[in-house]
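Notes follow the structure.
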Amino acid sequence: KILVLDYGSQVTQLIARRIREQNVYCEIHPGDVSPAFIREFGARGIILSGSHLSAYDADAIPVAPVVFELGVPVLGICYGMQAMARHFGGEVQGSDHREFGAATVRARGHTRLLDGIQDRQNDEGHGLLDVWMSHGDKVTRLPEGFKLMASTDSCPIAGMADEERGFYAVQFHPEVTHTKRGADILRRFVRDLAGCSGDWAMPGFIEEQVEAIRKQVGDKHVILGLSGGVDSSVAAALLHKAIGKQLTCVFVDHGLLRLGEAEQVMETFARHLGVNVIHVDATQDFMGKLAGVTDPEAKRKIIGKEFVEVFQREAGKIENARWLAQGTIYPDVIESAGAKTGKAKTIKSHHNVGGLPETLNLKLLEPLRDLFKDEVRKLGIALGLPHDMVYRHPFPGPGLGVRILGEVKQEFADLLRRADHIFTSELRNTRASVQDVAAGLATQEQVGNTWYELTSQAFAVFLPVKSVGVMGDGRTYEYVVALRAVQTQDFMTAHWAHLPHELLGRLSNRIINEVRGVNRVVYDISGKPPATIEWE
Ligand code: XMP
């Protein structure tokens, strides 16, 4: 396994991710963790991360000398390189000028780290690498015993190595995808230089996590708010595997879930996996509180507050509970860090159970907080959760509450649930075809994938306006349903999905024919920005 020492870079998690992609296990620990811990960790290789601080900052953490005494290869990245240089008596110079962005690095000499890894060659046959840089300080004199490994125009010492002792360092960031061969460089380090076998996989991760959770929790009881979403479901399955009956899940059904969702959650967790689940049907409470409220933010606040209240009431009944588990994943950790520094602006108040641990007097357990979404999904599959549940589109906490525009009423929720179900089932049953490729709607590689897989989020929205129609011989005056399907990587920006017209036509027919009370279906063709994904 590999030890990543974190000195406070924004992208340290990406180092771990890139390494785990090589099927090599690694853990991130703070740069100032005790020397004894580093010694006992038993790493085959150590990586020193970047930092938002300068090597000259009073708060900057120096590298513990033990790192260089274990006889294992060490890779310093950015700040890690500067700290390594200083440790060995090289020279680092601060500068007010930051180099930030794409750069081309020329490989110098031959080193085992970079040999054969290049994007192209220059006229003299030297390997060139397209990399991503983000630094102010730089190494200006090599330490004793180190040779030059790479340079750029503005940073003559962009990489250095003491091959005898296995110490390597780069000024650029191999962990970000803008450094095109970054994964190859990290792979070279962990597989070839550190000698990790690359046979680590999810089952191994599960075993380690199970062990860690058992140790942490002891004989105490854990409560988890199960929403039916991917993250809380995977957290529940993992905790159940670790501590079985010491886990109680509270599933608050606010009556604004998708068709059959409550049944599916109970079927999967309570019956199939044998997890303790308390199913609280709070539909009437929520509907009562929402009656007459039309303002989107007011609705969100009411749903969030009511959720916390119901959850607290139920959790308070569970004896011996000491822990509150949450399905927080790594992007949430970053997002809330951004929110804390005030950089992120609140566009919509997102509903979550933050603040609960304080009022319930529980300690927080977040077994997924180091994982990215795709890793969470793989974990879910490895834990035996159904594919459809694990690969489900995201669903907002306030549920259909933000997809029924204006006042939420039971009859609207029932109608919307059925329209939404028709939409998603058609997407699941329709595959991209060669005709779609010819029409420019899909690529050759996407042929055969379902449109559910080819969209990131798709749902129906209930519009409380009536329009005139004609059915049979009669005039109708009924509600409108809007369909929304988007494609996005990060949900911060999104494109509307170009669905095949035939599919859209079928959707309109089915919804109008099968859902009483709807006589018109429209398709949302707004991007984000300027629109948001949800309508409220
Ligand atoms: P917007 O509408 O802001 O949505 O473009 C971006 C993503 O966030 C989801 N979303 C929420 N998720 N609680 C959640 O857990 C919320 O209150 C909430 N509001 C929006 C939305 O479904 C989309 O994936």
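Order determines the names: the first chain of the structure tokens is A, the second B, and so forth; residues in each chain are numbered 1 upward, and ligands are numbered 1 upward as they are shown.
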### Message
Residues contacting ligand 1 - anything with an atom at most 10 Å away, using only C-alpha atoms and all ligand atoms - can you give me those as a PyMOL selection string?
### Response
chain A and resi 227+229+297+300-301+303-304+346-353+393-399+401-403+456-459+486+488+490-494+527-536
### Task
Extract, using only C-alpha atoms, all DNA, RNA and protein residues at most 10 Å from region 431-439 of chain A, discarding same-chain residues fewer than 3 positions from it, and format them as a VMD selection string.
chain A and resid 426 to 428 442 to 454 498 to 501
### Task
Would you mind telling me which residue in A:Val390, A:Leu239, A:Val11, A:Ala315 lies nearest to Ser134 (chain A) when using only C-alpha atoms?
A:Val11
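By only C-alpha atoms, and with residues fewer than 2 positions from Arg112 (chain A) along its chain excluded, the set lying at most 9 Å from it is His110, Leu114, Asp115, Gly116, Glu163, Arg188, Phe189, Asp192 and Leu193 of chain A.
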Given the selection you just returned, output its residues as a file containing N, CA and C atoms, formatted as an mmCIF file, in the first residue's frame.
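Saved as part_2.cif:
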```
data_model
loop_
_atom_site.group_PDB
_atom_site.id
_atom_site.type_symbol
_atom_site.label_atom_id
_atom_site.label_comp_id
_atom_site.auth_asym_id
_atom_site.auth_seq_id
_atom_site.Cartn_x
_atom_site.Cartn_y
_atom_site.Cartn_z
ATOM 1 N N HIS A 110 17.857 10.355 -18.121
ATOM 2 C CA HIS A 110 16.960 9.204 -18.104
ATOM 3 C C HIS A 110 16.664 8.864 -16.670
ATOM 4 N N LEU A 114 10.291 8.611 -15.465
ATOM 5 C CA LEU A 114 9.716 9.182 -16.693
ATOM 6 C C LEU A 114 10.119 8.455 -17.972
ATOM 7 N N ASP A 115 11.062 7.546 -17.881
ATOM 8 C CA ASP A 115 11.541 6.882 -19.093
ATOM 9 C C ASP A 115 10.406 6.300 -19.936
ATOM 10 N N GLY A 116 10.376 6.682 -21.203
ATOM 11 C CA GLY A 116 9.374 6.109 -22.104
ATOM 12 C C GLY A 116 7.997 6.742 -21.963
ATOM 13 N N GLU A 163 18.068 8.647 -7.757
ATOM 14 C CA GLU A 163 17.599 7.301 -8.096
ATOM 15 C C GLU A 163 18.149 6.231 -7.171
ATOM 16 N N ARG A 188 3.760 4.258 -12.836
ATOM 17 C CA ARG A 188 5.172 3.887 -12.822
ATOM 18 C C ARG A 188 5.695 3.915 -11.392
ATOM 19 N N PHE A 189 5.306 4.955 -10.664
ATOM 20 C CA PHE A 189 5.799 5.079 -9.293
ATOM 21 C C PHE A 189 5.261 3.957 -8.403
ATOM 22 N N ASP A 192 5.952 0.092 -10.508
ATOM 23 C CA ASP A 192 7.311 -0.327 -10.853
ATOM 24 C C ASP A 192 8.334 0.076 -9.793
ATOM 25 N N LEU A 193 8.219 1.293 -9.277
ATOM 26 C CA LEU A 193 9.234 1.736 -8.319
ATOM 27 C C LEU A 193 8.917 1.273 -6.903
#
```
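Selecting helix (DSSP H, G or I) from the backbone DSSP output for region 271-304 of chain A yields Arg271, His272, Leu273, Thr283, Gln284, Asp285, Phe286, Met287, Gly288, Lys289, Leu290, Pro296, Glu297, Ala298, Lys299, Arg300, Lys301, Ile302, Ile303 and Gly304 of chain A.
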Identify, on the basis of only C-alpha atoms, every residue whose closest approach to Gly260 (chain A) does not exceed 12 Å; exclude the query and any residue fewer than 4 positions from it along the same chain; express the result as an mmCIF file with C-alpha atoms, in the first residue's frame.
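Produced file part31.cif, reproduced below:
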```cif
data_model
loop_
_atom_site.group_PDB
_atom_site.id
_atom_site.type_symbol
_atom_site.label_atom_id
_atom_site.label_comp_id
_atom_site.auth_asym_id
_atom_site.auth_seq_id
_atom_site.Cartn_x
_atom_site.Cartn_y
_atom_site.Cartn_z
ATOM 1 C CA GLY A 228 -33.164 5.529 -1.197
ATOM 2 C CA ASP A 253 -41.140 8.833 3.418
ATOM 3 C CA GLY A 255 -44.840 11.283 0.209
ATOM 4 C CA LEU A 256 -42.809 13.001 -2.498
ATOM 5 C CA GLN A 264 -38.293 -0.785 -3.398
ATOM 6 C CA VAL A 265 -36.236 0.585 -0.523
ATOM 7 C CA MET A 266 -38.031 -1.636 1.984
ATOM 8 C CA GLU A 267 -37.799 -4.644 -0.325
ATOM 9 C CA ASP A 414 -49.864 11.092 -7.764
ATOM 10 C CA ARG A 417 -45.374 10.107 -10.183
ATOM 11 C CA ARG A 418 -47.138 8.262 -12.990
ATOM 12 C CA ASP A 420 -42.379 10.400 -14.349
ATOM 13 C CA HIS A 421 -42.503 6.624 -14.248
#
```
### Query
From the set A:Asn23, A:Lys241, A:Ile157, A:Glu314, which residue has the shortest atom-to-atom contact distance to Glu207 (chain A), counting only C-alpha atoms?
A:Lys241
### Message
If we count only C-alpha atoms and set the cut-off at 8 Å, which residues sit around Gly45 (chain A), ignoring sequence neighbours fewer than 2 positions away in its own chain? Please answer as a PyMOL selection string.
### Response
chain A and resi 1-3+43+47+72-75+190+194
Residues from last step as file, C-alpha atoms, as an mmCIF file, in the first residue's frame:
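The resulting file, result11.cif, is shown below:
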```cif
data_model
loop_
_atom_site.group_PDB
_atom_site.id
_atom_site.type_symbol
_atom_site.label_atom_id
_atom_site.label_comp_id
_atom_site.auth_asym_id
_atom_site.auth_seq_id
_atom_site.Cartn_x
_atom_site.Cartn_y
_atom_site.Cartn_z
ATOM 1 C CA LYS A 1 0.000 0.000 0.000
ATOM 2 C CA ILE A 2 0.921 3.625 -0.551
ATOM 3 C CA LEU A 3 0.870 6.407 2.012
ATOM 4 C CA ALA A 43 3.906 1.729 3.063
ATOM 5 C CA ILE A 47 3.770 10.444 -1.866
ATOM 6 C CA VAL A 72 10.987 3.089 0.381
ATOM 7 C CA PRO A 73 10.595 5.277 -2.716
ATOM 8 C CA VAL A 74 9.215 8.762 -2.159
ATOM 9 C CA LEU A 75 7.499 10.972 -4.715
ATOM 10 C CA VAL A 190 3.399 2.810 -7.447
ATOM 11 C CA ALA A 194 7.295 0.970 -5.148
#
```
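Non-sequential neighbours of Val277 (chain A) (distance at most 8 Å, separation of 6 or more positions within a chain, only C-alpha atoms) are Thr248, Cys249, Val250, Phe251, Met266, Phe269 and Ala270 of chain A.
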### Message
Taking 5 positions as the minimum chain separation for residues in the same chain, which residues sit within 8 Å of region 143-155 of chain A when counting only C-alpha atoms? Answer as a PyMOL selection string.
### Response
chain A and resi 85-86+88-91+103-111+138+160-163+170
With C-alpha atoms retained, export the selected residues as a PDB file, in the first residue's frame.
```pdb
ATOM      1  CA  ALA A  85      14.562  19.833  -1.719  1.00  0.00           C
ATOM      2  CA  ARG A  86      14.761  21.831   1.485  1.00  0.00           C
ATOM      3  CA  PHE A  88      18.159  17.663   1.600  1.00  0.00           C
ATOM      4  CA  GLY A  89      19.751  21.099   1.515  1.00  0.00           C
ATOM      5  CA  GLY A  90      18.634  22.307  -1.912  1.00  0.00           C
ATOM      6  CA  GLU A  91      17.411  25.816  -2.501  1.00  0.00           C
ATOM      7  CA  ALA A 103       2.835  23.903 -19.491  1.00  0.00           C
ATOM      8  CA  THR A 104       5.154  21.740 -21.514  1.00  0.00           C
ATOM      9  CA  VAL A 105       7.829  19.894 -19.613  1.00  0.00           C
ATOM     10  CA  ARG A 106      10.967  18.526 -21.217  1.00  0.00           C
ATOM     11  CA  ALA A 107      12.278  15.297 -19.730  1.00  0.00           C
ATOM     12  CA  ARG A 108      15.974  15.522 -18.863  1.00  0.00           C
ATOM     13  CA  GLY A 109      18.388  12.655 -18.560  1.00  0.00           C
ATOM     14  CA  HIS A 110      16.960   9.204 -18.104  1.00  0.00           C
ATOM     15  CA  THR A 111      15.052   8.398 -14.978  1.00  0.00           C
ATOM     16  CA  LYS A 138      10.239  26.733  -7.032  1.00  0.00           C
ATOM     17  CA  MET A 160      14.527  15.966  -9.768  1.00  0.00           C
ATOM     18  CA  ALA A 161      15.565  12.497  -8.732  1.00  0.00           C
ATOM     19  CA  ASP A 162      17.978  10.674  -6.477  1.00  0.00           C
ATOM     20  CA  GLU A 163      17.599   7.301  -8.096  1.00  0.00           C
ATOM     21  CA  VAL A 170       7.967  16.868  -9.802  1.00  0.00           C
TER      22      VAL A 170
END
```
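Minimum distance to Leu441 (chain A) across A:Trp496, A:Phe167, A:Phe372, A:Trp323 (counting only C-alpha atoms) occurs at A:Trp496.
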